[in-house]
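A.B. asks: Okay, handing you the structure first.
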Amino acid sequence: MFTVYVYVLDTLADWELGYVTAELNSGRFFKKDAPVGSVKTAGISKEPVKTLGGLTIIPDCSIDDITVNERSVLLLPGANTWDDPRHGAIIKKAGEFLSAGAMVCAICGATAALANAGLLDQRLHTSNGAGYLDMVSPNYKGQNFYVDEPSVAERNLITASSTGSLLWAKQIIERLNVFQPDTLDAWYAYFSTGEAQYFFALMQTLPANK
C-alpha cells in the first residue's frame, strides 16, 4: 500500500500533474500484483485553492495530516506562488520525506522551493534550465549537482522541468514498480510519439483481466 500526497496551492500548474496522477489513481495499466495505492490532495489547510487553469480544489487533508514513511510519495507541482512563506511547512515536510527514504517528486517552480531550502545541494536534480535556480533561489548551492535533462531521478528524489512532466511521470511510476517494464515502455512511447503501434503494444502487455 502506498499513499501519494499531492500538494495543492493557488496557481498550481494543472497540466504538470495530469499524467502521473491519472495513472496512479486509476491503476488502469497496473501489473497484476501491483501494490494498492491512493492519491490524496494536501494543502496548507482544507480551504479551497484555485489552479492556474481556474479549477477549484478542496484539499483532502492538511500538511499536518501527512504520514511520512517509506511508502509515502509527495508530489510538488509547479505554481506561481511558491515564494509565499506559508509553503515553508510543506518544504520542511519534504525534508522529512527525503530523510525517511520516502519519495519526493518536484516539478518546475517546486524545484526552486527545494533549492532555496538547501534540499538540492547534495543531490542530482534538474529544473527549468541551467541558471534558473541561481536566478530564483538565493540560497541555492547545488550547481555541481545540476543535470540539464527534462527529468532526473536520484534515489528517492525526482525533479523535472516544466516541460518534463511525461518523463517525470514515467520515472515515478518506475520507482513505485506498479507497471510491468514492457507496459511502461509502451506507455511512454505512445504518449511521447502518438504512434498507434505503441498503443496496441501497450494493450498487449496488460494482464488478461484488464
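Chain identifiers are assigned as A, B, and so on, following the order in which chains appear in the C-alpha cells; residues are numbered from 1 within each chain, and ligands are numbered from 1 in order of appearance.
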Please list as JSON, numbers by chain every residue within 9 Å of stretch 151-168 of chain A, counting only C-alpha atoms and excluding residues in the same chain fewer than 3 positions away.
C.D. replies: {"A": [15, 16, 17, 18, 19, 20, 78, 97, 98, 101, 102, 103, 104, 105, 106, 107, 108, 109, 110, 111, 123, 124, 125, 126, 127, 128, 129, 147, 148, 171, 172, 173, 175, 188, 191, 192]}
A.B. asks: Output the selection as a short mmCIF file (atom, residue, chain, number, x, y, z; two decimals), in the first residue's frame - N, CA and C atoms for each residue.
C.D. replies:
data_model
loop_
_atom_site.label_atom_id
_atom_site.label_comp_id
_atom_site.auth_asym_id
_atom_site.auth_seq_id
_atom_site.Cartn_x
_atom_site.Cartn_y
_atom_site.Cartn_z
N TRP A 15 -1.52 20.98 -15.75
CA TRP A 15 -1.05 20.03 -16.75
C TRP A 15 0.17 19.23 -16.30
N GLU A 16 0.92 19.75 -15.36
CA GLU A 16 2.15 19.07 -14.94
C GLU A 16 1.87 17.78 -14.15
N LEU A 17 0.69 17.68 -13.58
CA LEU A 17 0.34 16.52 -12.76
C LEU A 17 -0.48 15.47 -13.50
N GLY A 18 -1.01 15.83 -14.67
CA GLY A 18 -2.01 15.00 -15.33
C GLY A 18 -1.61 13.57 -15.59
N TYR A 19 -0.44 13.36 -16.16
CA TYR A 19 -0.02 12.01 -16.50
C TYR A 19 0.12 11.13 -15.26
N VAL A 20 0.81 11.63 -14.27
CA VAL A 20 1.13 10.77 -13.13
C VAL A 20 -0.06 10.53 -12.22
N GLY A 78 4.37 22.60 -10.04
CA GLY A 78 4.74 23.98 -10.29
C GLY A 78 3.58 24.91 -9.94
N PHE A 97 10.50 13.64 4.35
CA PHE A 97 10.32 12.55 3.38
C PHE A 97 11.67 12.03 2.91
N LEU A 98 12.55 12.94 2.50
CA LEU A 98 13.84 12.54 1.98
C LEU A 98 14.66 11.81 3.03
N GLY A 101 13.57 8.21 3.48
CA GLY A 101 13.64 7.34 2.32
C GLY A 101 12.37 7.33 1.49
N ALA A 102 11.46 8.24 1.79
CA ALA A 102 10.21 8.35 1.02
C ALA A 102 10.44 9.23 -0.21
N MET A 103 9.61 9.05 -1.23
CA MET A 103 9.80 9.76 -2.49
C MET A 103 9.31 11.20 -2.41
N VAL A 104 10.12 12.10 -2.95
CA VAL A 104 9.72 13.48 -3.17
C VAL A 104 9.87 13.75 -4.66
N CYS A 105 8.80 14.21 -5.27
CA CYS A 105 8.78 14.43 -6.73
C CYS A 105 8.36 15.87 -6.98
N ALA A 106 9.29 16.68 -7.47
CA ALA A 106 9.04 18.11 -7.65
C ALA A 106 9.25 18.50 -9.10
N ILE A 107 8.40 19.39 -9.57
CA ILE A 107 8.48 19.83 -10.96
C ILE A 107 8.38 21.34 -11.04
N CYS A 108 9.09 21.92 -11.97
CA CYS A 108 9.00 23.35 -12.29
C CYS A 108 9.28 24.20 -11.05
N GLY A 109 8.39 25.10 -10.69
CA GLY A 109 8.63 26.03 -9.59
C GLY A 109 8.86 25.38 -8.25
N ALA A 110 8.35 24.16 -8.08
CA ALA A 110 8.58 23.47 -6.81
C ALA A 110 10.05 23.15 -6.60
N THR A 111 10.79 22.96 -7.68
CA THR A 111 12.23 22.69 -7.54
C THR A 111 12.95 23.91 -6.97
N ARG A 123 22.26 16.56 -4.06
CA ARG A 123 21.54 15.52 -4.81
C ARG A 123 21.45 15.91 -6.28
N LEU A 124 21.61 14.94 -7.16
CA LEU A 124 21.41 15.22 -8.58
C LEU A 124 19.98 15.70 -8.79
N HIS A 125 19.81 16.70 -9.64
CA HIS A 125 18.49 17.29 -9.85
C HIS A 125 18.47 18.08 -11.14
N THR A 126 17.27 18.49 -11.52
CA THR A 126 17.12 19.39 -12.65
C THR A 126 16.05 20.42 -12.33
N SER A 127 15.84 21.35 -13.26
CA SER A 127 14.82 22.38 -13.10
C SER A 127 14.57 22.99 -14.48
N ASN A 128 14.19 24.25 -14.51
CA ASN A 128 13.81 24.89 -15.77
C ASN A 128 15.00 25.49 -16.52
N GLY A 129 16.05 24.69 -16.67
CA GLY A 129 17.20 25.15 -17.42
C GLY A 129 18.34 25.63 -16.53
N VAL A 147 21.67 18.64 -13.47
CA VAL A 147 21.72 17.85 -14.70
C VAL A 147 20.73 18.47 -15.68
N ASP A 148 21.20 18.81 -16.86
CA ASP A 148 20.36 19.50 -17.84
C ASP A 148 19.54 18.49 -18.65
N GLN A 171 9.27 8.11 -14.56
CA GLN A 171 10.25 7.78 -13.52
C GLN A 171 9.58 7.52 -12.17
N ILE A 172 8.51 8.23 -11.88
CA ILE A 172 7.76 8.00 -10.65
C ILE A 172 7.10 6.63 -10.68
N ILE A 173 6.44 6.31 -11.79
CA ILE A 173 5.77 5.01 -11.95
C ILE A 173 6.79 3.88 -11.86
N ARG A 175 9.70 3.91 -10.27
CA ARG A 175 10.18 3.78 -8.89
C ARG A 175 9.15 3.06 -8.02
N TYR A 188 5.05 4.97 -22.33
CA TYR A 188 5.85 6.18 -22.57
C TYR A 188 6.02 6.44 -24.06
N PHE A 191 2.62 7.90 -25.50
CA PHE A 191 2.30 9.28 -25.14
C PHE A 191 3.37 10.28 -25.58
N SER A 192 4.57 9.81 -25.84
CA SER A 192 5.61 10.72 -26.32
C SER A 192 5.64 10.85 -27.84
#
A.B. asks: Quick one: residues within 10 Å of A:Leu24, only C-alpha atoms counted, chain neighbours fewer than 5 positions away excluded, as a list in words?
C.D. replies: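 The neighbour list is Thr3, Val4, Tyr19, Phe29, Phe30, Val36, Gly37, Ser38, Val39, Ala169, Ile172, Ile173, Leu176 and Val178 of chain A.
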A.B. asks: To one decimal place, how far is atom CA of A:Val136 from atom CA of A:Asn116 in Å?
C.D. replies: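 Value for the atom CA of A:Val136-atom CA of A:Asn116 distance: 8.3 Å.
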A.B. asks: Would you return as a PyMOL selection string the members of chain A that DSSP assigns to strand (DSSP E) on this structure's backbone?
C.D. replies: chain A and resi 2-7+37-43+49-50+56-57+61-62+72-76+103-107+151-154+157-160
A.B. asks: Compile the contact shell of A:Leu55 as a list in words: residues with an atom at most 10 Å away, counting only C-alpha atoms, same-chain residues fewer than 6 positions apart removed.
C.D. replies: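 These residues fall inside the cut-off: Asp10, Thr11, Leu12, Asp14, Pro48 and Val49 of chain A.
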A.B. asks: Check the smallest atom-to-atom distance from each of A:Glu195, A:Pro85, A:Lys31, A:Ala115 to A:Pro181 using only C-alpha atoms, then report the winner.
C.D. replies: A:Lys31
A.B. asks: Rounded to one decimal, what separation in Å do you get between atom CA of A:Ala201 and atom CA of A:Glu149?
C.D. replies: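 Between atom CA of A:Ala201 and atom CA of A:Glu149 the gap is 27.0 Å.
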A.B. asks: Atom CA of A:Lys40 to atom CA of A:Ala113: how many Å, to one decimal?
C.D. replies: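 These two atoms are separated by 21.2 Å.
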A.B. asks: Need to verify the contact set: A:Ser62, 9 Å, only C-alpha atoms, exclusion of same-chain residues closer than 2 positions in sequence. Can you return it as a list in words?
C.D. replies: Thr41, Ala42, Gly43, Ile44, Ser45, Lys46, Pro59, Asp60, Asp64, Asp65 and Ile66 of chain A
A.B. asks: Keeping only N, CA, C and O atoms, write the selected residues to a file as a PDB file, in the first residue's frame.
C.D. replies:
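Result saved to result.pdb:
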ATOM      1  N   THR A  41      -5.070  14.850  -2.011  1.00  0.00           N
ATOM      2  CA  THR A  41      -4.594  16.220  -2.115  1.00  0.00           C
ATOM      3  C   THR A  41      -4.377  16.778  -0.716  1.00  0.00           C
ATOM      4  O   THR A  41      -5.146  16.501   0.208  1.00  0.00           O
ATOM      5  N   ALA A  42      -3.308  17.539  -0.566  1.00  0.00           N
ATOM      6  CA  ALA A  42      -2.975  18.130   0.728  1.00  0.00           C
ATOM      7  C   ALA A  42      -2.695  19.615   0.536  1.00  0.00           C
ATOM      8  O   ALA A  42      -2.051  20.017  -0.438  1.00  0.00           O
ATOM      9  N   GLY A  43      -3.172  20.419   1.448  1.00  0.00           N
ATOM     10  CA  GLY A  43      -2.970  21.857   1.351  1.00  0.00           C
ATOM     11  C   GLY A  43      -2.462  22.446   2.650  1.00  0.00           C
ATOM     12  O   GLY A  43      -2.336  21.748   3.667  1.00  0.00           O
ATOM     13  N   ILE A  44      -2.197  23.735   2.653  1.00  0.00           N
ATOM     14  CA  ILE A  44      -1.823  24.440   3.880  1.00  0.00           C
ATOM     15  C   ILE A  44      -2.917  24.212   4.926  1.00  0.00           C
ATOM     16  O   ILE A  44      -2.658  24.010   6.108  1.00  0.00           O
ATOM     17  N   SER A  45      -4.156  24.245   4.444  1.00  0.00           N
ATOM     18  CA  SER A  45      -5.330  23.935   5.255  1.00  0.00           C
ATOM     19  C   SER A  45      -6.303  23.209   4.336  1.00  0.00           C
ATOM     20  O   SER A  45      -5.929  22.804   3.233  1.00  0.00           O
ATOM     21  N   LYS A  46      -7.528  23.055   4.764  1.00  0.00           N
ATOM     22  CA  LYS A  46      -8.532  22.439   3.906  1.00  0.00           C
ATOM     23  C   LYS A  46      -9.352  23.480   3.148  1.00  0.00           C
ATOM     24  O   LYS A  46     -10.383  23.168   2.559  1.00  0.00           O
ATOM     25  N   PRO A  59      -8.722  20.576  -0.670  1.00  0.00           N
ATOM     26  CA  PRO A  59      -7.772  19.549  -0.220  1.00  0.00           C
ATOM     27  C   PRO A  59      -8.424  18.471   0.634  1.00  0.00           C
ATOM     28  O   PRO A  59      -9.313  18.749   1.442  1.00  0.00           O
ATOM     29  N   ASP A  60      -7.964  17.241   0.452  1.00  0.00           N
ATOM     30  CA  ASP A  60      -8.436  16.126   1.274  1.00  0.00           C
ATOM     31  C   ASP A  60      -7.920  16.227   2.695  1.00  0.00           C
ATOM     32  O   ASP A  60      -8.562  15.755   3.641  1.00  0.00           O
ATOM     33  N   ASP A  64      -0.432  18.809   8.185  1.00  0.00           N
ATOM     34  CA  ASP A  64      -0.273  18.103   9.459  1.00  0.00           C
ATOM     35  C   ASP A  64      -0.783  16.664   9.397  1.00  0.00           C
ATOM     36  O   ASP A  64      -0.398  15.826  10.234  1.00  0.00           O
ATOM     37  N   ASP A  65      -1.656  16.380   8.442  1.00  0.00           N
ATOM     38  CA  ASP A  65      -2.236  15.036   8.325  1.00  0.00           C
ATOM     39  C   ASP A  65      -1.376  14.085   7.493  1.00  0.00           C
ATOM     40  O   ASP A  65      -1.690  12.892   7.383  1.00  0.00           O
ATOM     41  N   ILE A  66      -0.329  14.598   6.877  1.00  0.00           N
ATOM     42  CA  ILE A  66       0.505  13.771   6.007  1.00  0.00           C
ATOM     43  C   ILE A  66       1.328  12.793   6.835  1.00  0.00           C
ATOM     44  O   ILE A  66       2.002  13.180   7.792  1.00  0.00           O
TER      45      ILE A  66
END
A.B. asks: DSSP says alpha helix (DSSP H) for which residues of stretch 21-143 of chain A? Put them as number ranges by chain?
C.D. replies: A: 21-26, 88-100, 109-116, 132-136
